[in-house]
Every structure is written in structure tokens, then in C-alpha cells.
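Below is upload_12.cif, which holds mmCIF, C-alpha atoms.
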data_my_file
loop_
_atom_site.label_atom_id
_atom_site.label_comp_id
_atom_site.auth_asym_id
_atom_site.auth_seq_id
_atom_site.Cartn_x
_atom_site.Cartn_y
_atom_site.Cartn_z
CA MET A 1029 38.85 104.80 -34.11
CA PRO A 1030 41.29 107.75 -34.01
CA GLY A 1031 42.41 108.46 -30.48
CA ASP A 1032 41.73 104.96 -29.12
CA ALA A 1033 45.39 104.63 -28.17
CA LEU A 1034 44.94 107.58 -25.83
CA LYS A 1035 41.88 106.13 -24.12
CA PRO A 1036 42.50 106.09 -20.35
CA ASP A 1037 42.30 102.90 -18.35
CA THR A 1038 38.82 102.33 -16.97
CA GLY A 1039 36.99 99.81 -14.85
CA ARG A 1040 37.94 97.44 -12.06
CA ALA A 1041 39.95 94.25 -11.86
CA GLY A 1042 39.83 91.65 -9.13
CA ILE A 1043 43.14 89.89 -8.42
CA VAL A 1044 43.23 86.63 -6.45
CA LEU A 1045 46.71 85.64 -5.28
CA ALA A 1046 46.95 81.84 -5.34
CA GLY A 1047 50.53 80.93 -6.25
CA GLY A 1048 51.97 80.09 -2.83
CA ARG A 1049 53.43 76.71 -1.90
CA SER A 1050 51.19 76.23 1.17
CA THR A 1051 54.14 75.15 3.32
CA ARG A 1052 52.07 75.15 6.51
CA PHE A 1053 49.26 73.08 5.02
CA ASP A 1054 50.63 69.54 5.16
CA GLY A 1055 51.95 69.69 1.61
CA ASP A 1056 48.52 70.20 -0.01
CA ASP A 1057 47.77 73.17 -2.25
CA LYS A 1058 45.43 75.02 0.07
CA ALA A 1059 43.87 76.89 -2.85
CA ALA A 1060 42.25 73.58 -3.84
CA VAL A 1061 41.21 72.50 -0.33
CA THR A 1062 37.46 72.65 0.21
CA LEU A 1063 35.50 74.82 2.62
CA ARG A 1064 31.81 74.01 2.71
CA GLY A 1065 32.23 71.87 -0.39
CA ARG A 1066 33.99 74.48 -2.54
CA PRO A 1067 37.72 75.06 -3.00
CA LEU A 1068 39.20 78.08 -1.28
CA VAL A 1069 40.17 79.65 -4.58
CA GLU A 1070 36.54 79.49 -5.71
CA HIS A 1071 35.39 81.22 -2.53
CA ALA A 1072 37.79 84.08 -3.29
CA VAL A 1073 36.75 84.30 -6.95
CA THR A 1074 33.05 84.21 -6.06
CA ALA A 1075 33.53 87.02 -3.54
CA VAL A 1076 35.39 89.37 -5.86
CA ASP A 1077 33.47 88.69 -9.08
CA PRO A 1078 30.32 90.78 -8.37
CA VAL A 1079 32.26 94.01 -7.78
CA VAL A 1080 34.75 93.95 -10.70
CA ASP A 1081 34.82 93.79 -14.48
CA ASP A 1082 37.54 91.12 -14.73
CA VAL A 1083 38.86 88.46 -12.36
CA ILE A 1084 42.52 87.50 -12.58
CA VAL A 1085 43.97 84.54 -10.69
CA SER A 1086 47.70 84.87 -10.06
CA CYS A 1087 49.27 81.42 -9.86
CA ARG A 1088 52.15 79.16 -10.86
CA SER A 1089 52.29 77.53 -14.28
CA ASP A 1090 51.77 74.07 -12.76
CA GLN A 1091 48.50 75.20 -11.13
CA VAL A 1092 46.69 76.51 -14.18
CA GLU A 1093 45.20 73.25 -15.45
CA ARG A 1094 43.87 72.30 -12.03
CA PHE A 1095 42.47 75.77 -11.39
CA GLU A 1096 40.75 75.76 -14.77
CA SER A 1097 38.91 72.63 -13.64
CA LEU A 1098 38.15 73.96 -10.15
CA LEU A 1099 36.86 77.25 -11.56
CA ASP A 1100 34.90 75.78 -14.44
CA GLY A 1101 31.93 78.06 -15.06
CA HIS A 1102 33.69 81.16 -13.72
CA ASP A 1103 34.92 83.81 -16.14
CA VAL A 1104 38.54 84.21 -15.03
CA SER A 1105 41.94 84.70 -16.60
CA PHE A 1106 45.28 83.56 -15.23
CA ALA A 1107 48.41 85.61 -14.62
CA VAL A 1108 51.41 83.28 -14.56
CA ASP A 1109 54.88 84.47 -13.64
CA PRO A 1110 57.59 83.45 -16.11
CA ILE A 1111 59.58 82.18 -13.12
CA ASP A 1112 57.83 80.29 -10.30
CA ASP A 1113 58.25 80.97 -6.59
CA LEU A 1114 59.27 84.62 -6.75
CA GLY A 1115 56.62 85.41 -4.15
CA PRO A 1116 53.30 87.28 -3.96
CA VAL A 1117 54.73 90.65 -5.00
CA ALA A 1118 56.02 89.23 -8.29
CA GLY A 1119 52.69 87.49 -8.84
CA LEU A 1120 50.78 90.67 -8.10
CA ARG A 1121 52.97 92.68 -10.46
CA THR A 1122 52.38 90.19 -13.28
CA ALA A 1123 48.62 90.43 -12.75
CA LEU A 1124 48.68 94.23 -12.61
CA ARG A 1125 50.76 94.47 -15.77
CA GLY A 1126 48.31 92.19 -17.54
CA THR A 1127 45.22 94.33 -17.07
CA ASP A 1128 44.16 97.64 -18.59
CA ARG A 1129 41.72 98.37 -15.77
CA LEU A 1130 42.13 101.54 -13.74
CA THR A 1131 41.76 100.08 -10.26
CA ALA A 1132 42.06 96.63 -8.72
CA VAL A 1133 41.08 94.95 -5.51
CA VAL A 1134 43.57 92.35 -4.33
CA THR A 1135 42.54 89.35 -2.28
CA ALA A 1136 43.93 85.84 -1.82
CA CYS A 1137 42.81 82.24 -2.06
CA ASP A 1138 43.42 81.81 1.67
CA THR A 1139 41.09 84.64 2.76
CA PRO A 1140 37.77 83.00 1.80
CA LEU A 1141 35.47 84.86 4.22
CA ILE A 1142 35.82 88.44 2.94
CA PRO A 1143 32.40 89.61 1.70
CA SER A 1144 31.89 91.07 -1.76
CA ALA A 1145 30.45 94.25 -0.28
CA PHE A 1146 33.62 94.97 1.66
CA LEU A 1147 35.82 94.43 -1.40
CA GLY A 1148 33.56 96.81 -3.31
CA HIS A 1149 33.82 99.34 -0.48
CA LEU A 1150 37.62 99.29 -0.77
CA LEU A 1151 37.35 99.96 -4.50
CA ASP A 1152 34.94 102.83 -3.89
CA ARG A 1153 37.38 104.35 -1.43
CA VAL A 1154 40.38 104.16 -3.77
CA GLU A 1155 38.35 105.61 -6.64
CA ASN A 1156 37.01 108.50 -4.58
CA ALA A 1157 40.23 109.47 -2.82
CA THR A 1158 43.44 111.11 -3.93
CA THR A 1159 45.42 108.01 -3.06
CA ALA A 1160 46.99 105.05 -4.81
CA GLY A 1161 45.70 102.49 -2.33
CA VAL A 1162 43.36 101.57 0.51
CA VAL A 1163 44.16 98.99 3.21
CA THR A 1164 42.92 98.01 6.66
CA ARG A 1165 44.61 98.13 10.05
CA VAL A 1166 43.97 95.17 12.37
CA GLY A 1167 45.75 94.30 15.59
CA GLY A 1168 47.86 97.41 15.22
CA ASN A 1169 49.26 96.33 11.83
CA LEU A 1170 48.51 97.34 8.26
CA GLN A 1171 47.08 94.35 6.40
CA PRO A 1172 48.20 93.65 2.82
CA ILE A 1173 45.08 91.60 2.05
CA PRO A 1174 42.60 92.79 1.06
CA MET A 1175 43.68 96.05 -0.53
CA ALA A 1176 42.42 98.25 -3.34
CA VAL A 1177 44.90 100.02 -5.59
CA ASN A 1178 45.43 102.17 -8.62
CA VAL A 1179 46.75 99.61 -11.11
CA ARG A 1180 49.61 101.61 -12.58
CA ALA A 1181 50.80 102.96 -9.23
CA ALA A 1182 50.65 99.52 -7.65
CA ALA A 1183 52.63 97.92 -10.48
CA ALA A 1184 55.35 100.53 -9.96
CA ALA A 1185 55.24 99.92 -6.19
CA CYS A 1186 55.71 96.19 -6.78
CA THR A 1187 58.77 96.86 -8.91
CA GLU A 1188 60.18 99.07 -6.18
CA ALA A 1189 59.46 96.44 -3.52
CA LEU A 1190 61.17 93.69 -5.52
CA VAL A 1191 64.44 95.60 -5.28
CA GLY A 1192 64.34 94.73 -1.58
CA ASP A 1193 62.88 91.59 0.01
CA GLY A 1194 59.71 91.86 -2.04
CA SER A 1195 57.10 91.89 0.72
CA LEU A 1196 53.52 93.05 0.24
CA ARG A 1197 54.01 95.41 3.16
CA ASP A 1198 56.77 97.12 1.17
CA VAL A 1199 54.18 97.64 -1.57
CA ILE A 1200 51.86 99.23 0.98
CA ASP A 1201 54.61 101.55 2.19
CA ALA A 1202 55.31 102.69 -1.37
CA LEU A 1203 51.63 103.42 -2.01
CA ALA A 1204 51.13 105.53 1.15
CA PRO A 1205 47.50 104.32 1.27
CA VAL A 1206 44.38 105.45 3.04
CA VAL A 1207 43.97 103.20 6.09
CA ILE A 1208 40.62 101.88 7.32
CA PRO A 1209 40.97 101.59 11.11
CA GLU A 1210 40.12 98.43 13.00
CA ARG A 1211 37.06 99.99 14.63
CA ALA A 1212 35.60 100.55 11.15
CA VAL A 1213 36.39 96.96 10.13
CA ARG A 1214 34.65 95.71 13.27
CA ALA A 1215 31.65 97.93 12.62
CA THR A 1216 31.20 96.77 9.03
CA VAL A 1217 32.26 93.16 8.50
CA GLY A 1218 33.98 91.98 11.67
CA VAL A 1219 37.68 91.24 12.04
CA ASP A 1220 37.28 87.49 11.57
CA ARG A 1221 36.13 88.05 8.00
CA LEU A 1222 39.82 88.71 7.31
CA LEU A 1223 40.82 85.27 8.58
CA ASP A 1224 43.88 83.91 6.79
CA VAL A 1225 43.65 80.12 6.32
CA ASP A 1226 47.25 78.97 6.71
CA THR A 1227 46.73 75.64 8.50
CA ARG A 1228 44.18 72.86 8.92
CA GLU A 1229 43.25 74.44 12.25
CA ASP A 1230 42.48 77.72 10.46
CA LEU A 1231 40.31 75.83 7.97
CA ALA A 1232 38.36 74.23 10.81
CA ARG A 1233 37.91 77.64 12.37
CA ALA A 1234 36.59 79.04 9.11
CA GLU A 1235 34.07 76.20 9.00
CA ARG A 1236 32.92 77.06 12.53
CA LEU A 1237 32.65 80.75 11.74
CA LEU A 1238 30.52 80.07 8.66
CA ALA A 1239 28.36 77.64 10.60
CA ARG A 1240 27.39 80.26 13.17
CA ALA A 1241 27.33 83.33 10.92
CA ASP A 1242 24.02 85.05 10.39
CA PRO A 1243 23.12 86.56 6.97
CA VAL A 1244 24.37 90.02 7.95
CA ARG A 1245 27.44 89.57 10.14
CA GLY A 1246 27.39 86.94 12.84
CA ILE A 1247 31.18 86.88 13.15
CA ASP A 1248 32.28 88.73 16.26
CA GLY A 1249 35.89 89.52 15.42
CA THR A 1250 37.59 87.27 17.99
CA ASP A 1251 38.95 83.74 17.92
CA GLY A 1252 36.85 82.39 20.76
CA ASN A 1253 39.49 83.32 23.33
CA GLY A 1254 38.94 87.02 22.86
CA GLU A 1255 42.08 87.39 20.76
CA ILE A 1256 42.10 89.00 17.34
CA ARG A 1257 43.36 86.78 14.53
CA SER A 1258 44.40 89.06 11.70
CA ASN A 1259 45.65 88.56 8.17
CA SER A 1260 49.35 87.66 7.89
CA ARG A 1261 51.58 86.00 5.33
#
Will you turn the file into C-alpha cells for me?
Amino acid sequence: MPGDALKPDTGRAGIVLAGGRSTRFDGDDKAAVTLRGRPLVEHAVTAVDPVVDDVIVSCRSDQVERFESLLDGHDVSFAVDPIDDLGPVAGLRTALRGTDRLTAVVTACDTPLIPSAFLGHLLDRVENATTAGVVTRVGGNLQPIPMAVNVRAAAAACTEALVGDGSLRDVIDALAPVVIPERAVRATVGVDRLLDVDTREDLARAERLLARADPVRGIDGTDGNGEIRSNSR
């Protein structure tokens, strides 16, 4: 139809970062390690799927075949960097450049406890605010995962970040996002829902948290010693 080329981007994408080398996970690809009988990458995909139009898994070329098997039955596409091991910012940029959606929520295979409702809340915030991004603050630090972004602005921020050391926090700085304070995270989902599974010990902790969680929250935001364990990469 005439004018289709001028149609603005619409809708939501969900991006799952899964291309890391899992150096702290005894050599195994943690994306494929199971939590409650399902691989971590499937937990992330299942969480993001209900609140987006498309799910994109960002990964290395040598992971695609395995992920296709692990995610059989899920409607996902894969964003593969032309060069492996350039880091999460390069992977995120590839995924952002590969979608025509207006906004995206970014999560990771190693944050399997984040509820769908919270990911949807981040998207609502970025769509209803005059900002290019929304992130959380936990333990005094801005957290790169999860975050919701304007796709075009975030792709440009990734390019800017890659000029330097290419960290996700550089992307956050470039976006100048709205920040959800820790008290709001605690009041809605609980800080431990942002648990980053980097080690076998983290995986065991995630199992314990799920075992005692009630249907609404159940996770109290501390690690059992009263200390906050926040998302870090």
C-alpha cells in the first residue's frame, strides 16, 4: 500500500541475552542448565513472551542449534553477531537492529526469576514516559538487567558504548533513563527476583527461592543473611 514505507515502528520486542561464555559456571553453558527441570534460557523466554509481540534470543552462532532444541515449541527468533564474543552490548545491538518494534524489554538467560508482570511494567513505563529507557536501582547501583528501551535510541546508545569498553552500564548512561528505586522494586516483586545466576551456588539459591515462594511474592529481597544480592555482570 502507498505510504507503508513511512509506517512508524509499533509493538514490543523481548530480547533475551544468552551469548556469554559462562566463565564462572564450571565450563557449562549456563543458559542450558536446568532450574526446576527447565533450562535457564527457557525460563527467561517464558517470562518475557506474554508481554511482547516478538521474542529474540541473542546468542553465539554455535549456540543456535542447541537453543532451537531447548526452546522447541516457543516462537522465538535468534540474533547472532557476525563475530562471536564481542560482549552483551554487541549482542544487544544486533538484536535491536533486527527488529522493527518500537520498544523492547531486555532480560537475560541468567535472570530466570523476573516475573512477566514486572517486565510488562517496565515496558508500560517506557511507553508512557518521555524517556528512552527504564531501569531499576538496587543496592545503590543502576541495574542493566532488566531494562525497557526505545529500540532506535537503544541501538544508537549501544553503538556509542562500543566506542569505549562496551558495557551495558554505558548504554544506560547514554539513555538517561527513568529509574525505578529499590523501595519500589521491593514493594512490587522483591529484590531477589533480580537474582543473577552466575555460579552453581546461585543456581542452588534460585532453587531455594522458588521452593519457598508463594504465588504472589514470597521472596523477601535478601540472601538469607540480610544482604541484598543484586544483578551484576
- Nearest to Ala1118 in chain A: which of A:Val1217, A:Cys1137, A:Val1163, A:Leu1196 is it, counting all atoms listed in the file?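 Checking each of A:Val1217, A:Cys1137, A:Val1163, A:Leu1196 against Ala1118 in chain A, counting all atoms listed in the file, the winner is A:Leu1196.
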- Query: Smallest atom-to-atom distance to Gly1039 in chain A: which of A:Asp1224, A:Asp1057, A:Asp1230, A:Glu1155, using all atoms listed in the file?
  - Reply: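 The shortest atom-to-atom distance to Gly1039 in chain A comes from A:Glu1155.
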- In Å, with one decimal, what is the gap from CA of Gly1047 in chain A to CA of Asp1193 in chain A?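 Between CA of Gly1047 in chain A and CA of Asp1193 in chain A the gap is 17.5 Å.
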- Task: Run the PyMOL selection byres ((chain A and resi 1139-1152) around 6) mentally over the shown coordinates, then write out the matched residues as a count of residues only, using the chain letters and numbers from the document.
- Result: 17
- Quick one, how far is CA of Ala1046 in chain A from CA of Val1177 in chain A? 18.3 Å
- Task: Between CA of Ala1239 in chain A and CA of Arg1064 in chain A, measure the distance and give it in Å to one decimal.
- Result: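 Between CA of Ala1239 in chain A and CA of Arg1064 in chain A the gap is 9.3 Å.
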- Message: Please list as a VMD selection string every residue within 10 Å of Lys1058 in chain A, counting only C-alpha atoms and excluding residues in the same chain fewer than 3 positions away.
- Response: chain A and resid 1046 1048 to 1055 1061 to 1062 1067 to 1069 1137 to 1138 1225 to 1228 1231
- Message: List as an MDAnalysis selection string the protein and nucleic acid residues near range 1166-1175 of chain A, meaning an atom at most 6 Å away when all atoms listed in the file are counted, but skip any in the same chain fewer than 4 places from it.
- Response: chainID A and resid 1133:1135 1162 1196 1210
- Item | Distance query Asp1037 in chain A at most 6 Å, only C-alpha atoms, self and fewer than 2 positions along chain excluded, as an MDAnalysis selection string | chainID A and resid 1128:1130
Selection file, C-alpha atoms, as a PDB file, in the coordinates of the input:
ATOM      1  CA  ASP A1128      44.160  97.640 -18.590  1.00  0.00           C
ATOM      2  CA  ARG A1129      41.720  98.370 -15.770  1.00  0.00           C
ATOM      3  CA  LEU A1130      42.130 101.540 -13.740  1.00  0.00           C
TER       4      LEU A1130
END
- Specify as a PyMOL selection string each residue included when the PyMOL selection byres ((chain A and resi 1190-1192) around 12) is applied to this file. chain A and resi 1114-1121+1183-1189+1193-1199+1202
- Message: Show me, as a PyMOL selection string, the residues that have an atom within 7 Å of Ala1132 in chain A when counting all atoms listed in the file, minus same-chain residues fewer than 4 positions from it.
- Response: chain A and resi 1040-1043+1176-1179
- Message: Once the PyMOL selection byres ((chain A and resi 1095-1097) around 12) is applied to the coordinates I shared, what remains selected? I want it as a VMD selection string.
- Response: chain A and resid 1044 1046 to 1047 1057 to 1061 1067 to 1070 1073 1084 to 1094 1098 to 1107 1137
Mind writing the picked residues with C-alpha atoms as a tab-separated table (two decimals), in the coordinates of the input?
chain	number	residue	atom	x	y	z
A	1044	VAL	CA	43.23	86.63	-6.45
A	1046	ALA	CA	46.95	81.84	-5.34
A	1047	GLY	CA	50.53	80.93	-6.25
A	1057	ASP	CA	47.77	73.17	-2.25
A	1058	LYS	CA	45.43	75.02	0.07
A	1059	ALA	CA	43.87	76.89	-2.85
A	1060	ALA	CA	42.25	73.58	-3.84
A	1061	VAL	CA	41.21	72.50	-0.33
A	1067	PRO	CA	37.72	75.06	-3.00
A	1068	LEU	CA	39.20	78.08	-1.28
A	1069	VAL	CA	40.17	79.65	-4.58
A	1070	GLU	CA	36.54	79.49	-5.71
A	1073	VAL	CA	36.75	84.30	-6.95
A	1084	ILE	CA	42.52	87.50	-12.58
A	1085	VAL	CA	43.97	84.54	-10.69
A	1086	SER	CA	47.70	84.87	-10.06
A	1087	CYS	CA	49.27	81.42	-9.86
A	1088	ARG	CA	52.15	79.16	-10.86
A	1089	SER	CA	52.29	77.53	-14.28
A	1090	ASP	CA	51.77	74.07	-12.76
A	1091	GLN	CA	48.50	75.20	-11.13
A	1092	VAL	CA	46.69	76.51	-14.18
A	1093	GLU	CA	45.20	73.25	-15.45
A	1094	ARG	CA	43.87	72.30	-12.03
A	1098	LEU	CA	38.15	73.96	-10.15
A	1099	LEU	CA	36.86	77.25	-11.56
A	1100	ASP	CA	34.90	75.78	-14.44
A	1101	GLY	CA	31.93	78.06	-15.06
A	1102	HIS	CA	33.69	81.16	-13.72
A	1103	ASP	CA	34.92	83.81	-16.14
A	1104	VAL	CA	38.54	84.21	-15.03
A	1105	SER	CA	41.94	84.70	-16.60
A	1106	PHE	CA	45.28	83.56	-15.23
A	1107	ALA	CA	48.41	85.61	-14.62
A	1137	CYS	CA	42.81	82.24	-2.06
Please give the centre and size of the box around range 1117-1129 of chain A (axis-aligned, containing every atom listed in the file, 4 Å added per side), with values in Å to one decimal and written as lines of an AutoDock Vina configuration file.
center_x = 48.9
center_y = 92.9
center_z = -11.8
size_x = 22.3
size_y = 18.9
size_z = 21.6
- Message: Considering only C-alpha atoms, can you say which of A:Thr1122, A:Leu1237, A:Val1206, A:Arg1180 comes closest to Val1219 in chain A?
- Response: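 Smallest separation from Val1219 in chain A among the options: A:Leu1237.
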- Query: Nearest to Pro1205 in chain A among A:Leu1238, A:Ala1232, A:Ile1111, A:Ala1160, with distances taken over only C-alpha atoms: which residue is it?
  - Reply: A:Ala1160
- Query: For Ala1212 in chain A, which residue among A:Thr1164, A:Arg1240, A:Arg1233, A:Asp1081 is the nearest when counting all atoms listed in the file?
  - Reply: A:Thr1164
